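Okay, coords_18.tsv now, which holds TSV, C-alpha atoms and all ligand atoms:
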chain	number	residue	atom	x	y	z
A	187	MET	CA	-17.03	1.23	-23.14
A	188	HIS	CA	-16.83	1.79	-19.42
A	189	GLY	CA	-14.37	4.58	-18.94
A	190	PRO	CA	-13.93	8.20	-18.11
A	191	LEU	CA	-15.80	9.46	-21.15
A	192	SER	CA	-18.96	7.50	-20.47
A	193	THR	CA	-19.14	7.33	-16.66
A	194	PRO	CA	-18.02	9.52	-13.79
A	195	VAL	CA	-14.73	7.99	-12.77
A	196	LYS	CA	-14.42	6.61	-9.28
A	197	THR	CA	-11.11	5.67	-7.80
A	198	PRO	CA	-10.43	3.82	-4.56
A	199	ALA	CA	-9.46	7.23	-3.21
A	200	SER	CA	-12.93	8.59	-3.71
A	201	ASP	CA	-15.41	5.79	-3.37
A	202	GLY	CA	-14.45	4.03	-0.16
A	203	GLU	CA	-14.84	0.62	-1.81
A	204	ALA	CA	-12.43	-2.16	-0.94
A	205	GLN	CA	-9.45	-2.36	-3.26
A	206	ARG	CA	-9.68	-5.56	-5.30
A	207	TRP	CA	-6.70	-7.87	-5.40
A	208	SER	CA	-5.88	-11.15	-7.05
A	209	ALA	CA	-4.08	-13.35	-4.52
A	210	SER	CA	-2.16	-15.23	-7.23
A	211	ASP	CA	-1.08	-12.01	-8.99
A	212	PHE	CA	-0.05	-10.56	-5.62
A	213	ALA	CA	2.01	-13.66	-4.78
A	214	LYS	CA	3.79	-13.42	-8.16
A	215	ASN	CA	4.24	-9.66	-8.54
A	216	GLY	CA	4.12	-8.37	-4.96
A	217	ARG	CA	6.83	-10.50	-3.40
A	218	PHE	CA	9.24	-7.54	-3.51
A	219	ILE	CA	7.12	-5.93	-0.80
A	220	GLN	CA	8.05	-8.64	1.67
A	221	ASP	CA	11.60	-8.85	0.34
A	222	MET	CA	12.10	-5.17	1.20
A	223	ALA	CA	10.66	-5.44	4.71
A	224	GLY	CA	13.77	-6.52	6.65
A	225	PRO	CA	14.65	-3.07	8.02
A	226	ILE	CA	11.16	-2.25	9.31
A	227	PHE	CA	10.85	-5.69	10.75
A	228	ALA	CA	14.04	-4.98	12.71
A	229	LEU	CA	12.68	-1.56	13.67
A	230	LEU	CA	9.52	-3.18	15.03
A	231	ALA	CA	11.56	-5.60	17.16
A	232	ALA	CA	8.48	-7.52	18.26
A	233	LYS	CA	8.87	-9.37	21.53
A	234	PRO	CA	7.30	-12.62	22.73
A	235	GLY	CA	3.90	-12.01	24.27
A	236	GLU	CA	3.46	-8.55	22.81
A	237	ARG	CA	0.14	-7.80	21.18
A	238	VAL	CA	0.78	-6.53	17.65
A	239	LEU	CA	-1.64	-5.28	14.99
A	240	ASP	CA	-0.49	-5.80	11.39
A	241	LEU	CA	-2.41	-3.11	9.51
A	242	GLY	CA	-2.86	-4.01	5.85
A	243	CYS	CA	-1.57	-7.53	6.36
A	244	GLY	CA	-2.39	-8.70	2.82
A	245	ASP	CA	-1.74	-12.42	2.39
A	246	GLY	CA	-0.09	-12.58	5.82
A	247	THR	CA	3.51	-13.15	4.78
A	248	LEU	CA	4.86	-10.64	7.30
A	249	THR	CA	2.13	-11.39	9.85
A	250	ALA	CA	3.55	-14.92	9.99
A	251	GLU	CA	7.06	-13.57	10.51
A	252	ILE	CA	5.88	-11.36	13.36
A	253	GLU	CA	4.06	-14.31	14.89
A	254	ALA	CA	7.25	-16.37	14.67
A	255	THR	CA	8.86	-13.95	17.15
A	256	GLY	CA	6.37	-15.12	19.76
A	257	ALA	CA	4.19	-12.01	19.54
A	258	ASP	CA	0.41	-12.31	19.53
A	259	VAL	CA	-0.51	-10.81	16.15
A	260	LEU	CA	-3.79	-9.80	14.59
A	261	GLY	CA	-3.73	-9.01	10.87
A	262	LEU	CA	-6.26	-6.61	9.37
A	263	ASP	CA	-6.95	-6.08	5.70
A	264	ASN	CA	-9.83	-5.05	3.50
A	265	SER	CA	-9.23	-7.67	0.81
A	266	PRO	CA	-11.15	-10.94	1.23
A	267	GLU	CA	-9.00	-12.51	-1.49
A	268	LEU	CA	-5.72	-11.85	0.34
A	269	LEU	CA	-7.20	-12.66	3.76
A	270	ALA	CA	-8.28	-16.08	2.50
A	271	VAL	CA	-4.60	-16.87	1.82
A	272	ALA	CA	-3.58	-15.54	5.26
A	273	ARG	CA	-6.21	-17.76	6.91
A	274	MET	CA	-4.83	-20.81	5.11
A	275	LYS	CA	-1.54	-20.07	6.90
A	276	GLY	CA	-3.39	-20.39	10.21
A	277	LEU	CA	-3.04	-16.70	11.04
A	278	SER	CA	-5.45	-14.66	13.09
A	279	VAL	CA	-6.79	-12.10	10.61
A	280	LYS	CA	-9.91	-10.03	10.13
A	281	GLN	CA	-11.47	-8.00	7.34
A	282	ALA	CA	-11.70	-4.38	8.40
A	283	ASP	CA	-11.52	-0.86	7.05
A	284	ALA	CA	-8.41	0.79	8.47
A	285	HIS	CA	-10.28	4.11	8.46
A	286	ALA	CA	-12.66	2.83	11.13
A	287	LEU	CA	-10.49	1.01	13.68
A	288	ASP	CA	-12.47	0.41	16.86
A	289	TYR	CA	-9.74	-0.82	19.22
A	290	VAL	CA	-8.98	1.09	22.38
A	291	GLN	CA	-5.53	0.73	23.97
A	292	GLU	CA	-5.29	-2.93	22.97
A	293	PHE	CA	-1.94	-3.17	21.21
A	294	ASP	CA	1.71	-2.75	22.19
A	295	ALA	CA	2.62	-2.06	18.56
A	296	VAL	CA	0.95	-1.37	15.23
A	297	PHE	CA	2.95	-2.43	12.17
A	298	SER	CA	2.15	-1.44	8.61
A	299	ASN	CA	4.14	-2.22	5.48
A	300	ALA	CA	3.22	-0.75	2.07
A	301	ALA	CA	-0.43	-0.32	3.02
A	302	LEU	CA	-0.89	3.25	4.26
A	303	HIS	CA	-0.42	4.71	0.78
A	304	TRP	CA	-3.64	2.97	-0.32
A	305	MET	CA	-5.72	4.75	2.32
A	306	HIS	CA	-7.73	7.73	1.13
A	307	ALA	CA	-8.08	9.46	4.53
A	308	PRO	CA	-4.79	8.81	6.36
A	309	GLU	CA	-5.74	11.16	9.20
A	310	LEU	CA	-8.59	8.79	10.14
A	311	VAL	CA	-6.22	5.83	10.01
A	312	VAL	CA	-3.58	7.47	12.21
A	313	GLU	CA	-6.27	8.60	14.65
A	314	GLY	CA	-7.49	4.99	14.92
A	315	VAL	CA	-3.94	3.69	15.33
A	316	ALA	CA	-3.28	6.15	18.17
A	317	ARG	CA	-6.49	5.00	19.87
A	318	ALA	CA	-5.65	1.31	19.38
A	319	LEU	CA	-2.21	1.61	21.01
A	320	ARG	CA	-1.48	1.44	24.70
A	321	PRO	CA	0.19	4.59	26.08
A	322	GLY	CA	3.83	4.41	25.00
A	323	GLY	CA	2.98	1.86	22.28
A	324	ARG	CA	4.78	2.09	18.94
A	325	PHE	CA	3.67	2.60	15.36
A	326	VAL	CA	6.25	1.25	12.92
A	327	GLY	CA	6.16	0.88	9.19
A	328	GLU	CA	6.83	1.98	5.67
A	329	LEU	CA	4.73	3.70	3.04
A	330	GLY	CA	5.34	5.32	-0.31
A	331	GLY	CA	6.73	8.82	0.00
A	332	HIS	CA	6.49	11.83	-2.29
A	333	GLY	CA	7.71	10.85	-5.77
A	334	ASN	CA	7.16	7.12	-5.23
A	335	ILE	CA	6.67	5.22	-8.52
A	336	ALA	CA	6.54	8.63	-10.21
A	337	ALA	CA	6.91	7.32	-13.76
A	338	VAL	CA	3.97	4.95	-13.30
A	339	ALA	CA	1.78	7.61	-11.72
A	340	THR	CA	2.61	10.08	-14.50
A	341	ALA	CA	1.91	7.53	-17.25
A	342	LEU	CA	-1.48	6.69	-15.73
A	343	ARG	CA	-2.34	10.39	-15.49
A	344	ALA	CA	-1.30	10.99	-19.10
A	345	VAL	CA	-3.39	8.09	-20.39
A	346	GLU	CA	-6.36	9.20	-18.28
A	347	MET	CA	-6.11	12.73	-19.65
A	348	ALA	CA	-5.80	11.50	-23.24
A	349	ARG	CA	-9.17	9.78	-22.74
A	350	GLY	CA	-10.89	12.87	-21.39
A	351	GLY	CA	-10.33	12.36	-17.66
A	352	THR	CA	-8.44	14.49	-15.16
A	353	PRO	CA	-5.09	13.65	-13.52
A	354	GLU	CA	-6.78	13.50	-10.11
A	355	GLN	CA	-9.00	10.64	-11.31
A	356	ALA	CA	-6.08	8.49	-12.36
A	357	VAL	CA	-4.36	7.42	-9.15
A	358	PRO	CA	-5.52	6.89	-5.57
A	359	TRP	CA	-2.21	6.85	-3.71
A	360	TYR	CA	-1.17	8.91	-0.70
A	361	PHE	CA	2.54	9.62	-1.05
A	362	PRO	CA	3.35	12.33	1.52
A	363	THR	CA	6.59	14.20	1.98
A	364	MET	CA	8.55	13.48	5.13
A	365	GLU	CA	7.37	16.80	6.59
A	366	GLU	CA	3.71	16.07	5.82
A	367	PHE	CA	3.87	12.63	7.39
A	368	GLU	CA	5.73	13.87	10.45
A	369	ALA	CA	3.05	16.56	10.95
A	370	LEU	CA	0.31	13.93	10.64
A	371	LEU	CA	1.92	11.70	13.28
A	372	SER	CA	2.66	14.59	15.64
A	373	SER	CA	-0.87	15.96	15.39
A	374	HIS	CA	-2.15	12.63	16.73
A	375	GLY	CA	0.16	12.63	19.74
A	376	PHE	CA	3.01	10.54	18.36
A	377	ALA	CA	6.64	11.30	19.16
A	378	VAL	CA	8.50	10.49	15.95
A	379	ARG	CA	11.59	8.42	16.79
A	380	GLU	CA	12.70	7.66	13.25
A	381	LEU	CA	11.58	8.97	9.87
A	382	VAL	CA	13.74	8.47	6.81
A	383	VAL	CA	13.31	8.63	3.06
A	384	VAL	CA	14.48	5.43	1.40
A	385	PRO	CA	14.94	5.61	-2.40
A	386	ARG	CA	15.13	2.15	-3.87
A	387	SER	CA	15.18	0.81	-7.42
A	388	THR	CA	13.36	-2.49	-7.59
A	389	PRO	CA	14.06	-4.75	-10.59
A	390	LEU	CA	10.90	-6.69	-11.37
A	391	LYS	CA	11.11	-10.46	-11.23
A	392	ALA	CA	8.10	-10.71	-13.54
A	393	ASP	CA	7.10	-8.25	-16.26
A	394	MET	CA	5.59	-4.77	-16.04
A	395	GLN	CA	2.28	-5.99	-17.38
A	396	GLY	CA	1.93	-8.28	-14.37
A	397	TRP	CA	2.96	-5.50	-11.99
A	398	LEU	CA	0.35	-3.17	-13.51
A	399	ARG	CA	-2.29	-5.89	-13.39
A	400	THR	CA	-1.57	-6.44	-9.70
A	401	PHE	CA	-1.20	-2.90	-8.42
A	402	CYS	CA	-3.21	-0.80	-10.89
A	403	ARG	CA	-6.23	-3.01	-11.32
A	404	PHE	CA	-8.39	-0.09	-10.12
A	405	PHE	CA	-7.28	1.80	-13.24
A	406	PHE	CA	-7.62	-0.86	-15.94
A	407	ASP	CA	-10.80	-2.50	-14.64
A	408	ARG	CA	-12.80	0.59	-15.56
A	409	PHE	CA	-12.32	-0.23	-19.23
A	410	GLU	CA	-13.81	-3.09	-21.15
A	411	GLU	CA	-12.04	-4.99	-23.89
A	412	PRO	CA	-10.79	-4.14	-26.44
A	413	GLU	CA	-10.18	-0.70	-24.92
A	414	ARG	CA	-8.55	-2.16	-21.81
A	415	SER	CA	-5.77	-3.70	-23.89
A	416	ALA	CA	-5.29	-0.44	-25.80
A	417	VAL	CA	-5.02	1.48	-22.50
A	418	LEU	CA	-2.48	-1.03	-21.19
A	419	ASP	CA	-0.44	-0.70	-24.41
A	420	ASP	CA	-0.45	3.10	-24.05
A	421	VAL	CA	0.79	2.91	-20.45
A	422	LEU	CA	3.54	0.42	-21.37
A	423	THR	CA	4.60	2.58	-24.33
A	424	LEU	CA	5.00	5.59	-22.02
A	425	LEU	CA	6.87	3.60	-19.37
A	426	ARG	CA	9.23	1.56	-21.56
A	427	PRO	CA	11.86	4.26	-22.29
A	428	SER	CA	12.20	5.11	-18.58
A	429	LEU	CA	11.80	1.75	-16.87
A	430	CYS	CA	12.82	-1.01	-19.30
A	431	ASP	CA	16.49	-1.63	-20.10
A	432	SER	CA	18.02	-2.95	-23.33
A	433	GLN	CA	17.76	-6.52	-21.97
A	434	GLY	CA	14.02	-6.13	-21.42
A	435	LEU	CA	14.38	-5.93	-17.63
A	436	TRP	CA	11.87	-3.63	-15.96
A	437	THR	CA	12.64	-1.63	-12.83
A	438	VAL	CA	10.26	0.34	-10.62
A	439	ASN	CA	11.63	3.27	-8.64
A	440	HIS	CA	10.34	3.35	-5.10
A	441	ILE	CA	10.69	6.14	-2.62
A	442	ARG	CA	9.58	4.89	0.76
A	443	LEU	CA	9.12	6.63	4.09
A	444	ARG	CA	10.26	4.41	6.94
A	445	PHE	CA	9.08	5.43	10.37
A	446	SER	CA	8.89	4.53	14.01
A	447	ALA	CA	6.77	6.63	16.37
A	448	GLU	CA	5.71	6.34	19.96
A	449	ARG	CA	2.25	7.10	21.24
A	450	SER	CA	2.28	9.63	24.05
A	451	PRO	CA	2.27	7.99	27.49
A	452	ASP	CA	-0.95	9.99	28.35
B	1	LIG	C1	4.86	0.50	-3.28
B	1	LIG	O1	5.42	1.53	-2.87
B	1	LIG	O2	5.24	-0.62	-2.94
B	1	LIG	C2	3.70	0.62	-4.18
B	1	LIG	C3	2.90	1.73	-4.17
B	1	LIG	C4	1.78	1.80	-4.99
B	1	LIG	C5	1.52	0.78	-5.87
B	1	LIG	C6	2.34	-0.32	-5.90
B	1	LIG	C7	3.43	-0.42	-5.07
Once you've parsed the file, please lay out its structure as structure tokens.
Amino acid sequence: MHGPLSTPVKTPASDGEAQRWSASDFAKNGRFIQDMAGPIFALLAAKPGERVLDLGCGDGTLTAEIEATGADVLGLDNSPELLAVARMKGLSVKQADAHALDYVQEFDAVFSNAALHWMHAPELVVEGVARALRPGGRFVGELGGHGNIAAVATALRAVEMARGGTPEQAVPWYFPTMEEFEALLSSHGFAVRELVVVPRSTPLKADMQGWLRTFCRFFFDRFEEPERSAVLDDVLTLLRPSLCDSQGLWTVNHIRLRFSAERSPD
């Protein structure tokens, strides 16, 4: 067994290791992330010739859309698997840790969709974003807000605790309240132009097992078979009454924070 009872549990929030992703699982189960991006894409309003950083670009689906506006885009991500797919699309991308951005006043805009909630020290990320932007540059994006995917997070905590772990060990996500995120942006010199909470129920095109395999791999990979399957069954049993309807259709309840902020002109 390789789990909380036999080893100290590390989560992506505590160990600084790159989150591991399967590009094919992400393409199948993560498409909703791009499908939901229309409003922030409009908020970004990238212009031809602008230099844009796509922070947490994943497989480059949105990076390509930004590039199609005529902007000069660089995508950053920490996942070699997803970056390999982005490179096949001919995009300019680089593997990097968003906590250690080393750009100085290089970008007109930094865009980030559904990536900031994976980052264990968001203050370091926002500090790096502020440094990377030109004075007056904009930081636009969406991340999970307080209460995002609450049923999933609670089920993972319950299963972790039932196996001798603590709730803190179960999930890595940063889901701030609107007030917390506004304070974070302001403390790094951003003027917040827009910050809204967007609750959104997302019916899954595939099944919950696939969604969990894609987005909660950090949780299940700590267990070896046959325990891994038993852990997955426990999580599904806890989630089914809340998230699966009588037709067998699963829905995940997102609460996103959508924001646009402007770096101080210096
Ligand atoms: C989301 O808000 O899209 C999300 C957050 C954490 C895990 C999976 C999805």
Show me as a list in words the residues that reach within 9 Å of (-5.1, 4.0, 1.2), counting only C-alpha atoms and using the file's own coordinates. Pro198, Ala199, Gln205, Ala284, His285, Ala301, Leu302, His303, Trp304, Met305, His306, Ala307, Pro308, Pro358, Trp359 and Tyr360 of chain A
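Residue nearest Gly242 of chain A, chosen from A:Ser372, A:Ser446, A:Thr423, A:Asn264 and counting all atoms listed in the file: A:Asn264.
Computed from the coordinates, the atom CA of Val384 of chain A to atom CA of Glu366 of chain A distance equals 15.8 Å.
Selection of all polymer residues within 6 Å of ligand LIG 1 (chain B) on the basis of only C-alpha atoms and all ligand atoms gives A:Ala300, A:Gly330, A:Phe401, A:His440.
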Could those selected residues go to a file with C-alpha atoms, as a compact mmCIF listing (two decimals), keeping the file's coordinate frame?
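again_4.txt written:
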# COMPACT_ATOMS: atom_id res chain seq x y z
CA ALA A 300 3.22 -0.75 2.07
CA GLY A 330 5.34 5.32 -0.31
CA PHE A 401 -1.20 -2.90 -8.42
CA HIS A 440 10.34 3.35 -5.10
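Closest approach to Ala286 of chain A among A:Val312, A:Pro353, A:Pro266, A:Glu328: A:Val312, based on only C-alpha atoms.
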Go through A:Val421, A:Val311, A:Ala209, A:Leu248 and flag the residue nearest Glu346 of chain A, using all atoms listed in the file for the distances. A:Val421
Separation of atom CA of Ala339 of chain A from atom CA of Leu424 of chain A in Å: 11.0 Å
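Coordinates place atom CA of Thr340 of chain A at a distance of 19.0 Å from atom CA of Asp393 of chain A.
The smallest atom-to-atom distance between Pro451 of chain A and any of A:Arg273, A:Arg317, A:Arg217, A:Lys280, using all atoms listed in the file, is found for A:Arg317.
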From A:Ala318, A:Val238, A:Ala377, A:Ile335, residue lying nearest Ala447 of chain A [only C-alpha atoms]: A:Ala377
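The nearest approach to Ala416 of chain A among the residues A:Val345, A:Leu229, A:Ala316, A:Met394, with only C-alpha atoms taken into account, belongs to A:Val345.
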Could you name the residues that touch segment 211-214 of chain A at 9 Å or less, counting only C-alpha atoms, but leaving out those on the same chain fewer than 4 positions away, as a PyMOL selection string? chain A and resi 207+244-245+268+391-392+396-397+399-401
Taking (6.2, -1.5, 9.2) in the file's own coordinates, collect the residues within 12 Å, counting all atoms listed in the file, and hand them back as a ChimeraX atom specification. /A:219-220,222-232,238-243,248-249,252,295-302,324-330,380-381,442-447
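Residues in contact range of Leu319 of chain A, defined as at most 7 Å between all atoms listed in the file, with sequence neighbours fewer than 3 positions away removed, read A:Val290, A:Gln291, A:Glu292, A:Phe293, A:Asp294, A:Ala295, A:Val315, A:Ala316, A:Gly323.
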